[in-house]
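What follows is the content of final_36.txt, which has compact mmCIF, C-alpha atoms:
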```
# COMPACT_ATOMS: atom_id res chain seq x y z
CA MET H 1 122.59 -52.48 35.46
CA VAL H 2 122.07 -50.11 38.39
CA SER H 3 123.46 -50.53 41.89
CA PRO H 4 121.55 -52.56 44.47
CA SER H 5 118.59 -50.95 46.19
CA THR H 6 120.33 -51.16 49.54
CA TYR H 7 123.07 -48.90 48.20
CA PHE H 8 120.52 -46.32 47.04
CA SER H 9 118.64 -46.48 50.33
CA SER H 10 121.75 -45.78 52.36
CA GLN H 11 122.76 -42.94 50.04
CA ILE H 12 119.30 -41.36 50.20
CA THR H 13 119.30 -41.62 53.99
CA LEU H 14 122.68 -39.91 54.18
CA ILE H 15 121.58 -37.11 51.88
CA ALA H 16 118.39 -36.62 53.89
CA ILE H 17 120.52 -36.14 57.00
CA PHE H 18 122.78 -33.70 55.16
CA PHE H 19 119.86 -31.52 54.10
CA PHE H 20 118.44 -31.29 57.60
CA CYS H 21 121.75 -29.85 58.77
CA SER H 22 122.80 -26.24 58.52
CA GLU H 23 122.76 -24.76 55.04
CA LYS H 24 126.52 -24.47 54.62
CA PHE H 25 127.25 -27.90 56.07
CA ALA H 26 124.54 -29.49 53.95
CA PHE H 27 125.93 -28.20 50.68
CA THR H 28 129.53 -28.95 51.63
CA THR H 29 128.78 -32.53 52.63
CA THR H 30 126.60 -33.21 49.61
CA ALA H 31 129.30 -31.83 47.33
CA HIS H 32 131.74 -34.29 48.85
CA SER H 33 129.18 -37.09 48.35
CA PHE H 34 128.55 -36.26 44.68
CA GLY H 35 131.93 -34.80 43.77
CA GLY H 36 133.67 -36.77 41.02
CA SER H 37 130.48 -38.54 39.94
CA PHE H 38 130.30 -36.54 36.72
CA ARG H 39 133.12 -34.76 34.95
CA LYS H 40 130.99 -32.41 32.86
CA ILE H 41 127.47 -31.05 32.35
CA TYR H 42 125.71 -30.11 29.12
CA ALA H 43 122.72 -27.90 29.92
CA PHE H 44 119.70 -26.85 27.87
CA GLY H 45 116.59 -24.79 28.57
CA ASP H 46 115.44 -21.17 28.85
CA SER H 47 116.09 -18.22 31.18
CA PHE H 48 115.76 -20.40 34.28
CA THR H 49 118.95 -22.18 33.15
CA ASP H 50 120.72 -19.64 30.87
CA THR H 51 124.10 -18.61 32.33
CA GLY H 52 124.95 -15.98 29.73
CA ASN H 53 123.80 -16.83 26.21
CA THR H 54 121.48 -13.80 26.38
CA ARG H 55 122.37 -10.12 26.63
CA SER H 56 120.09 -7.16 27.24
CA ALA H 57 119.79 -6.47 23.52
CA SER H 58 118.76 -10.04 22.73
CA GLY H 59 116.59 -10.71 25.77
CA PRO H 60 112.92 -11.65 25.63
CA ASN H 61 110.40 -8.84 25.22
CA GLY H 62 109.87 -7.01 28.54
CA PHE H 63 113.10 -8.30 30.11
CA ARG H 64 115.80 -6.54 28.13
CA HIS H 65 118.00 -5.33 31.00
CA VAL H 66 119.73 -8.52 32.18
CA SER H 67 123.16 -7.02 31.47
CA ASN H 68 122.43 -4.15 33.88
CA PRO H 69 122.72 -3.96 37.67
CA PRO H 70 121.22 -5.09 40.00
CA TYR H 71 121.21 -8.44 38.17
CA GLY H 72 123.95 -10.61 39.71
CA SER H 73 124.29 -8.37 42.78
CA THR H 74 123.94 -11.01 45.51
CA PHE H 75 126.66 -13.52 44.62
CA PHE H 76 128.69 -12.37 41.63
CA HIS H 77 128.37 -8.66 42.56
CA HIS H 78 127.97 -7.72 38.92
CA PRO H 79 125.66 -8.74 36.05
CA THR H 80 126.54 -12.10 34.47
CA ASN H 81 123.52 -12.20 32.12
CA ARG H 82 121.76 -14.60 34.47
CA TYR H 83 118.14 -13.71 35.14
CA SER H 84 118.52 -13.53 38.91
CA ASP H 85 120.36 -11.70 41.64
CA GLY H 86 122.81 -14.61 41.83
CA ARG H 87 123.13 -18.31 41.11
CA LEU H 88 120.62 -20.53 39.33
CA VAL H 89 119.72 -24.18 39.97
CA ILE H 90 122.31 -25.28 37.38
CA ASP H 91 124.99 -23.33 39.28
CA PHE H 92 124.15 -25.14 42.52
CA VAL H 93 124.23 -28.45 40.67
CA ALA H 94 127.70 -27.63 39.34
CA GLU H 95 128.86 -26.76 42.86
CA THR H 96 127.40 -29.99 44.21
CA LEU H 97 129.30 -31.99 41.60
CA SER H 98 132.51 -30.06 42.39
CA LEU H 99 132.52 -28.57 38.89
CA PRO H 100 133.04 -24.96 37.77
CA TYR H 101 130.07 -22.89 36.61
CA LEU H 102 129.10 -23.67 33.04
CA PRO H 103 130.24 -21.21 30.37
CA PRO H 104 127.56 -20.11 27.86
CA TYR H 105 127.86 -21.59 24.39
CA LEU H 106 127.68 -18.27 22.52
CA GLY H 107 131.07 -16.64 22.48
CA HIS H 108 132.84 -19.72 23.81
CA ARG H 109 135.90 -20.92 21.93
CA GLY H 110 137.87 -24.14 22.14
CA LYS H 111 137.28 -27.09 24.43
CA ALA H 112 134.94 -27.12 27.40
CA PRO H 113 136.39 -29.82 29.68
CA HIS H 114 133.67 -29.41 32.32
CA GLY H 115 130.71 -28.88 29.98
CA ILE H 116 128.86 -26.01 28.40
CA ASN H 117 125.46 -24.31 28.65
CA PHE H 118 123.21 -24.05 25.58
CA ALA H 119 120.13 -22.63 27.36
CA VAL H 120 118.73 -19.34 26.04
CA ALA H 121 116.38 -16.88 27.73
CA GLY H 122 113.08 -16.63 25.88
CA SER H 123 113.66 -19.97 24.18
CA THR H 124 110.65 -22.09 23.28
CA ALA H 125 109.99 -25.80 22.94
CA ILE H 126 108.11 -25.26 19.68
CA ASN H 127 110.13 -24.12 16.69
CA HIS H 128 110.19 -20.34 16.22
CA ALA H 129 108.70 -20.67 12.73
CA PHE H 130 105.37 -21.71 14.30
CA PHE H 131 105.05 -18.36 16.08
CA VAL H 132 106.05 -16.42 12.97
CA ARG H 133 103.57 -18.35 10.85
CA ASN H 134 100.76 -17.59 13.29
CA ASN H 135 101.76 -13.93 13.64
CA LEU H 136 102.52 -14.29 17.36
CA LEU H 137 104.80 -11.29 17.73
CA PHE H 138 105.52 -11.71 21.45
CA ASP H 139 108.08 -14.34 20.46
CA MET H 140 111.08 -12.10 19.91
CA THR H 141 113.60 -14.87 20.59
CA PRO H 142 114.36 -16.93 17.47
CA GLN H 143 115.97 -19.79 19.39
CA SER H 144 114.05 -22.92 20.36
CA ILE H 145 115.12 -26.22 21.92
CA GLN H 146 115.83 -27.39 18.38
CA THR H 147 118.26 -24.49 17.94
CA GLN H 148 120.05 -25.68 21.04
CA MET H 149 120.36 -29.16 19.51
CA ILE H 150 121.91 -27.59 16.39
CA TRP H 151 124.41 -25.78 18.62
CA PHE H 152 125.14 -29.00 20.51
CA ASN H 153 125.80 -30.86 17.27
CA LYS H 154 128.11 -28.08 16.10
CA TYR H 155 129.99 -28.29 19.37
CA LEU H 156 130.30 -32.08 19.05
CA GLU H 157 131.58 -31.70 15.49
CA SER H 158 134.15 -29.13 16.65
CA GLN H 159 135.46 -31.81 19.00
CA GLY H 160 135.66 -34.42 16.21
CA CYS H 161 132.39 -36.14 17.11
CA ARG H 162 130.20 -36.54 14.03
CA GLY H 163 127.11 -38.56 13.16
CA ALA H 164 123.82 -39.40 14.81
CA VAL H 165 125.14 -42.36 16.81
CA SER H 166 128.14 -41.27 18.79
CA SER H 167 130.34 -44.34 19.23
CA SER H 168 133.70 -43.06 17.99
CA PRO H 169 136.60 -42.39 20.38
CA GLU H 170 136.13 -38.64 19.80
CA CYS H 171 132.47 -38.87 20.80
CA LYS H 172 133.24 -40.97 23.84
CA ALA H 173 135.76 -38.36 24.95
CA VAL H 174 133.07 -35.66 24.79
CA LEU H 175 130.11 -37.62 26.18
CA ASP H 176 131.65 -40.02 28.69
CA GLY H 177 131.24 -38.79 32.24
CA ALA H 178 128.62 -36.24 31.14
CA LEU H 179 125.39 -35.30 32.85
CA ILE H 180 122.75 -33.93 30.47
CA TRP H 181 120.62 -31.28 32.16
CA VAL H 182 117.41 -30.29 30.37
CA GLY H 183 116.00 -27.41 32.36
CA GLU H 184 112.49 -26.01 32.27
CA ILE H 185 111.29 -25.40 28.71
CA GLY H 186 107.75 -24.57 27.60
CA VAL H 187 106.67 -21.64 29.77
CA ASN H 188 107.46 -19.19 26.98
CA ASP H 189 105.38 -21.18 24.48
CA TYR H 190 102.26 -20.54 26.54
CA ALA H 191 103.20 -16.92 27.27
CA TYR H 192 103.68 -16.10 23.59
CA THR H 193 100.21 -17.43 22.69
CA VAL H 194 98.21 -15.58 25.37
CA GLY H 195 95.21 -13.86 23.78
CA SER H 196 95.63 -15.66 20.46
CA PHE H 197 93.50 -18.27 18.72
CA VAL H 198 96.13 -20.93 19.51
CA SER H 199 94.74 -23.11 22.31
CA SER H 200 96.65 -24.45 25.31
CA ASP H 201 95.98 -27.97 24.06
CA ILE H 202 97.79 -27.24 20.80
CA VAL H 203 100.72 -25.65 22.62
CA ARG H 204 101.00 -28.58 25.01
CA LYS H 205 100.94 -31.19 22.25
CA LEU H 206 103.45 -29.39 20.04
CA ALA H 207 105.77 -28.42 22.89
CA ILE H 208 105.93 -31.88 24.43
CA ALA H 209 106.34 -33.51 21.01
CA SER H 210 109.27 -31.19 20.29
CA VAL H 211 111.01 -31.83 23.61
CA THR H 212 110.38 -35.58 23.26
CA GLY H 213 112.11 -35.54 19.88
CA PHE H 214 114.96 -33.56 21.42
CA LEU H 215 115.39 -36.12 24.21
CA GLN H 216 115.21 -39.03 21.76
CA THR H 217 117.98 -37.46 19.69
CA LEU H 218 120.17 -37.15 22.79
CA LEU H 219 119.47 -40.73 23.86
CA LYS H 220 120.23 -42.07 20.39
CA LYS H 221 123.62 -40.43 20.65
CA GLY H 222 124.30 -42.78 23.54
CA VAL H 223 123.98 -40.45 26.53
CA LYS H 224 123.18 -42.39 29.68
CA ASN H 225 122.34 -39.84 32.36
CA ILE H 226 119.70 -37.17 31.81
CA VAL H 227 117.87 -34.84 34.18
CA VAL H 228 114.67 -33.23 32.87
CA GLN H 229 112.86 -30.46 34.66
CA GLY H 230 109.11 -29.90 34.56
CA LEU H 231 107.30 -26.55 34.51
CA PRO H 232 106.83 -24.43 37.65
CA PRO H 233 103.37 -23.25 38.80
CA THR H 234 103.38 -20.26 36.47
CA GLY H 235 100.33 -18.75 38.15
CA CYS H 236 102.49 -17.92 41.18
CA LEU H 237 104.71 -15.54 39.19
CA PRO H 238 104.00 -11.81 39.73
CA LEU H 239 103.64 -11.30 35.97
CA ALA H 240 100.67 -13.68 35.93
CA LEU H 241 99.22 -12.31 39.16
CA ALA H 242 99.41 -8.71 37.93
CA LEU H 243 97.63 -9.48 34.65
CA ALA H 244 94.96 -11.98 35.75
CA ALA H 245 91.51 -11.21 37.14
CA VAL H 246 91.47 -11.02 40.94
CA ASP H 247 88.86 -13.80 41.17
CA ASP H 248 91.11 -16.22 39.26
CA ARG H 249 92.96 -17.62 42.27
CA ASP H 250 93.66 -21.06 43.72
CA ASP H 251 94.41 -22.35 47.22
CA LEU H 252 98.02 -21.13 46.94
CA GLY H 253 96.84 -17.59 46.22
CA CYS H 254 98.15 -17.94 42.67
CA VAL H 255 96.40 -17.63 39.29
CA LYS H 256 94.26 -20.74 39.05
CA SER H 257 93.93 -20.89 35.25
CA ALA H 258 97.71 -20.54 34.73
CA ASN H 259 98.54 -23.11 37.39
CA ASN H 260 96.05 -25.58 35.92
CA GLN H 261 97.69 -25.07 32.54
CA SER H 262 101.23 -25.74 33.78
CA TYR H 263 100.08 -28.63 35.98
CA THR H 264 98.40 -30.37 33.03
CA HIS H 265 101.52 -29.86 30.92
CA THR H 266 103.66 -31.30 33.71
CA ALA H 267 101.46 -34.39 34.08
CA VAL H 268 101.62 -35.19 30.36
CA TYR H 269 105.35 -34.47 30.18
CA GLN H 270 106.04 -36.79 33.11
CA LYS H 271 104.15 -39.60 31.36
CA THR H 272 106.24 -38.97 28.24
CA VAL H 273 109.41 -39.31 30.30
CA GLU H 274 108.16 -42.64 31.62
CA ASP H 275 107.67 -43.84 28.05
CA LEU H 276 111.21 -42.76 27.15
CA ARG H 277 112.58 -44.83 30.02
CA LYS H 278 110.95 -47.89 28.47
CA GLN H 279 112.37 -47.06 25.03
CA PHE H 280 115.87 -46.52 26.41
CA PRO H 281 116.25 -48.88 29.39
CA ASP H 282 120.03 -48.44 29.50
CA ALA H 283 119.68 -44.76 30.35
CA VAL H 284 118.74 -43.14 33.66
CA ILE H 285 116.28 -40.26 33.17
CA SER H 286 115.55 -38.34 36.36
CA TYR H 287 112.46 -36.11 36.33
CA LEU H 288 112.51 -33.02 38.56
CA ASP H 289 109.03 -32.12 39.82
CA TYR H 290 109.39 -28.35 39.64
CA TRP H 291 105.66 -27.75 40.04
CA ASN H 292 105.19 -29.55 43.34
CA ALA H 293 108.52 -28.42 44.79
CA TYR H 294 107.60 -24.77 44.16
CA ALA H 295 104.06 -25.34 45.48
CA MET H 296 105.51 -26.85 48.66
CA VAL H 297 107.39 -23.62 49.32
CA MET H 298 104.31 -21.53 48.56
CA LYS H 299 102.28 -23.45 51.13
CA ASN H 300 104.65 -22.45 53.93
CA PRO H 301 107.12 -19.80 52.72
CA GLU H 302 108.23 -18.85 56.23
CA LYS H 303 109.56 -22.37 56.76
CA TYR H 304 112.05 -21.71 53.96
CA GLY H 305 112.97 -18.20 55.11
CA PHE H 306 110.71 -16.21 52.76
CA LYS H 307 108.62 -13.24 53.89
CA GLU H 308 107.45 -12.16 50.43
CA PRO H 309 105.97 -15.03 48.37
CA PHE H 310 104.28 -12.78 45.76
CA MET H 311 106.11 -9.44 45.73
CA THR H 312 108.88 -8.86 43.18
CA CYS H 313 112.22 -7.89 44.75
CA CYS H 314 113.51 -5.97 41.73
CA GLY H 315 110.76 -4.04 39.98
CA SER H 316 108.52 -1.01 40.18
CA GLY H 317 104.98 -0.06 41.09
CA GLY H 318 104.88 -1.06 44.75
CA PRO H 319 102.39 -3.46 46.38
CA PRO H 320 100.84 -5.88 45.86
CA TYR H 321 103.34 -7.27 43.35
CA ASN H 322 105.85 -4.46 42.64
CA PHE H 323 105.71 -5.37 38.98
CA ASP H 324 105.22 -3.15 35.93
CA VAL H 325 105.82 -4.82 32.57
CA PHE H 326 107.02 -1.47 31.16
CA SER H 327 109.54 -0.84 33.96
CA THR H 328 111.12 -4.17 34.75
CA CYS H 329 114.28 -4.95 36.70
CA GLY H 330 117.40 -3.25 35.37
CA SER H 331 115.51 -0.32 33.86
CA ALA H 332 115.95 3.22 35.16
CA GLU H 333 112.54 3.17 36.88
CA ALA H 334 113.08 -0.09 38.78
CA ASN H 335 114.68 -0.61 42.18
CA ALA H 336 115.83 -3.71 44.05
CA CYS H 337 114.87 -4.63 47.58
CA PRO H 338 117.68 -4.64 50.19
CA ASN H 339 116.99 -8.23 51.28
CA PRO H 340 116.42 -10.50 48.23
CA SER H 341 116.93 -13.63 50.35
CA GLN H 342 113.48 -12.98 51.85
CA TYR H 343 111.82 -12.91 48.43
CA ILE H 344 110.87 -15.84 46.22
CA ASN H 345 110.67 -13.74 43.06
CA TRP H 346 113.43 -11.55 41.67
CA ASP H 347 112.07 -9.67 38.65
CA GLY H 348 108.46 -10.75 38.10
CA VAL H 349 109.18 -13.99 36.24
CA HIS H 350 112.55 -15.23 37.43
CA LEU H 351 113.47 -16.29 40.94
CA THR H 352 115.94 -15.10 43.55
CA GLU H 353 119.13 -16.99 44.28
CA ALA H 354 117.59 -17.90 47.64
CA MET H 355 114.63 -19.62 45.96
CA TYR H 356 116.88 -21.38 43.45
CA LYS H 357 118.96 -22.66 46.35
CA VAL H 358 115.88 -24.03 48.13
CA LEU H 359 114.67 -25.73 44.94
CA SER H 360 118.14 -27.19 44.32
CA ARG H 361 118.15 -28.74 47.77
CA MET H 362 114.70 -30.20 47.20
CA PHE H 363 115.75 -31.69 43.85
CA LEU H 364 119.11 -33.05 44.96
CA SER H 365 117.76 -34.52 48.19
CA GLY H 366 115.57 -36.79 46.08
CA LYS H 367 112.18 -35.73 47.42
CA PHE H 368 111.16 -34.05 44.17
CA SER H 369 113.28 -36.02 41.70
CA HIS H 370 112.02 -39.28 40.22
CA PRO H 371 113.99 -41.47 40.39
CA PRO H 372 116.03 -39.69 43.06
CA PHE H 373 118.99 -37.72 41.77
CA VAL H 374 121.25 -40.04 43.75
CA SER H 375 120.26 -42.89 41.41
CA LEU H 376 122.27 -41.19 38.69
CA MET H 377 125.20 -41.07 41.08
CA GLY H 378 124.87 -44.77 41.86
CA ARG H 379 124.58 -45.64 38.18
CA LYS H 380 127.60 -43.52 37.31
CA GLN H 381 129.76 -44.98 40.09
CA HIS H 382 128.69 -48.52 39.12
CA ASP H 383 129.59 -47.89 35.47
```
How does this structure look as structure tokens?
Amino acid sequence: MVSPSTYFSSQITLIAIFFFCSEKFAFTTTAHSFGGSFRKIYAFGDSFTDTGNTRSASGPNGFRHVSNPPYGSTFFHHPTNRYSDGRLVIDFVAETLSLPYLPPYLGHRGKAPHGINFAVAGSTAINHAFFVRNNLLFDMTPQSIQTQMIWFNKYLESQGCRGAVSSSPECKAVLDGALIWVGEIGVNDYAYTVGSFVSSDIVRKLAIASVTGFLQTLLKKGVKNIVVQGLPPTGCLPLALALAAVDDRDDLGCVKSANNQSYTHTAVYQKTVEDLRKQFPDAVISYLDYWNAYAMVMKNPEKYGFKEPFMTCCGSGGPPYNFDVFSTCGSAEANACPNPSQYINWDGVHLTEAMYKVLSRMFLSGKFSHPPFVSLMGRKQHD
């Protein structure tokens, strides 16, 4: 049973006020509001969420320099194997919940009292075997969302939690007080099938079916609080803009065909999440509308402090996109801009810390989360 609607209304109003305040005050106040609501986070996804499971040598094709400067230069001041100049959305979520940044699963030993991150750059929703079977060689990353579930199960077993239904004291110790964060997953599936005989319809059906099964497995374990993130408007990424025909543009100035593809995926995925809520009424599943949040920024980038909505900050080749797939960020030929906070895009596919911060505020304020992120807080406090 969730808290009364009046409680949620007051909380949402407070958070709205917080996010109209100065940037520092907003994040500090929201952290105090949410702090203590969750004791740990388990995160899944791809490079938009990966906090270090990938190194340069294992990175997706074309982006094999994440362990090199200038990655990480804005906040950490050194590479952390995050695909950005600084923090990601999941890092801002951890800050907001007064939790430390999530350690990556690979290489981690022992307990993880505040959670752990299973996301992998280049990861797909569809199992890797599908791409191998169809000779789709762009998929150089063997991990999929199903791989991340295998890792999660291994982690649970290492903590004494075994079995599909996690009701033992050991499982409760690991899962109680946990927020499950399922970041964006599926962009790579479409990217790896570009130019092949595999249609977008097939990718969408297989990808959403795979993620649905993943979410069902989590829910059957007894998790109660899940955040799922939709796809961004992929046609707004410099990689897509550089490769697409110049007449393939929409009202945002982005690649129309790519944006239509990700929008359709998002609409179907959101309906699937609604169905899961009916199947598991005791759980709260909050959907983050990545597509429309990103599009909102693209409609008026100056409002959010951005001067370069299309240009890559760290890349090569100069205008209009400063992106060359053969000389990407971290390579000897690439250079970083001196002011990444004015750029939406960091390396041609991944975003700057500044953009991730804006998106985090939009998600946590409730405007682009359904139900609002605060509903998880109310549910957790009530429990």
Inset, instruction - Would you mind listing what lies within 12 Å of Phe76 of chain H as number ranges by chain, with all atoms listed in the file counted and same-chain residues fewer than 4 positions away left out? - result: H: 69-72, 80-82, 84-88, 91, 101, 353
Inset, instruction - Just give me the gap between atom CA of Gly52 of chain H and atom CA of His114 of chain H in Å, one decimal is fine. - result: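 Result for atom CA of Gly52 of chain H versus atom CA of His114 of chain H: 16.2 Å, one decimal.
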Legend entry - H:Gly163, H:Pro320, H:Pro113, H:Gly315 ranked by distance to Glu333 of chain H, top pick (using all atoms listed in the file):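 Using all atoms listed in the file, Glu333 of chain H sits closest to H:Gly315.
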Inset, instruction - Identify which of the residues H:Ile145, H:Asp275, H:Ala240, H:Val174 lies closest to Ser158 of chain H, counting all atoms listed in the file when measuring atom-to-atom distances. - result: H:Val174
Inset, instruction - Could you tell me how far atom CA of Arg39 of chain H lies from atom CA of Ala112 of chain H, in Å and to one decimal? - result: 10.9 Å
Inset, instruction - Choose the residue, out of H:Ser257, H:Ser73, H:Thr212, H:Ser327, that has the smallest atom-to-atom separation from Arg277 of chain H; count all atoms listed in the file. - result: H:Thr212
Inset, instruction - Return the single residue from H:Ala209, H:Ile90, H:Met298, H:Ile285 that is closest to Leu252 of chain H, with distances computed using all atoms listed in the file. - result: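 Nearest to Leu252 of chain H: H:Met298.
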Legend entry - Exercise: residues within 6 Å of coordinate (119.9, -40.4, 28.9), counting all atoms listed in the file, as a VMD selection string: chain H and resid 219 223 to 226 283 to 285
Inset, instruction - Between H:Gly107, H:Gly195, H:Gly253, H:Gly45, single out the one closest to Trp181 of chain H, counting all atoms listed in the file. - result: H:Gly45
Inset, instruction - Return the single residue from H:Met355, H:Gln261, H:Val325, H:Thr74 that is closest to Leu243 of chain H, with distances computed using all atoms listed in the file. - result: H:Val325
Inset, instruction - To one decimal in Å, tell me the separation between atom CA of Glu308 of chain H and atom CA of Tyr343 of chain H. - result: 4.9 Å
Legend entry - Shell around Gly235 of chain H at 6 Å using only C-alpha atoms, local window under 4 positions removed, as a ChimeraX atom specification: /H:240,254-255,258-259
Legend entry - All residues 10 Å or closer to Ser331 of chain H, all atoms listed in the file, same chain fewer than 2 positions away omitted, as a VMD selection string: chain H and resid 63 to 66 68 to 70 314 to 316 326 to 329 333 to 335
Could you give me the centre and size, in Å to one decimal, of an axis-aligned box around all listed atoms of segment 240-255 of chain H with 5 Å added on every side, as JSON?
```
{"center_x": 94.8, "center_y": -15.5, "center_z": 40.9, "size_x": 21.8, "size_y": 23.6, "size_z": 22.6}
```
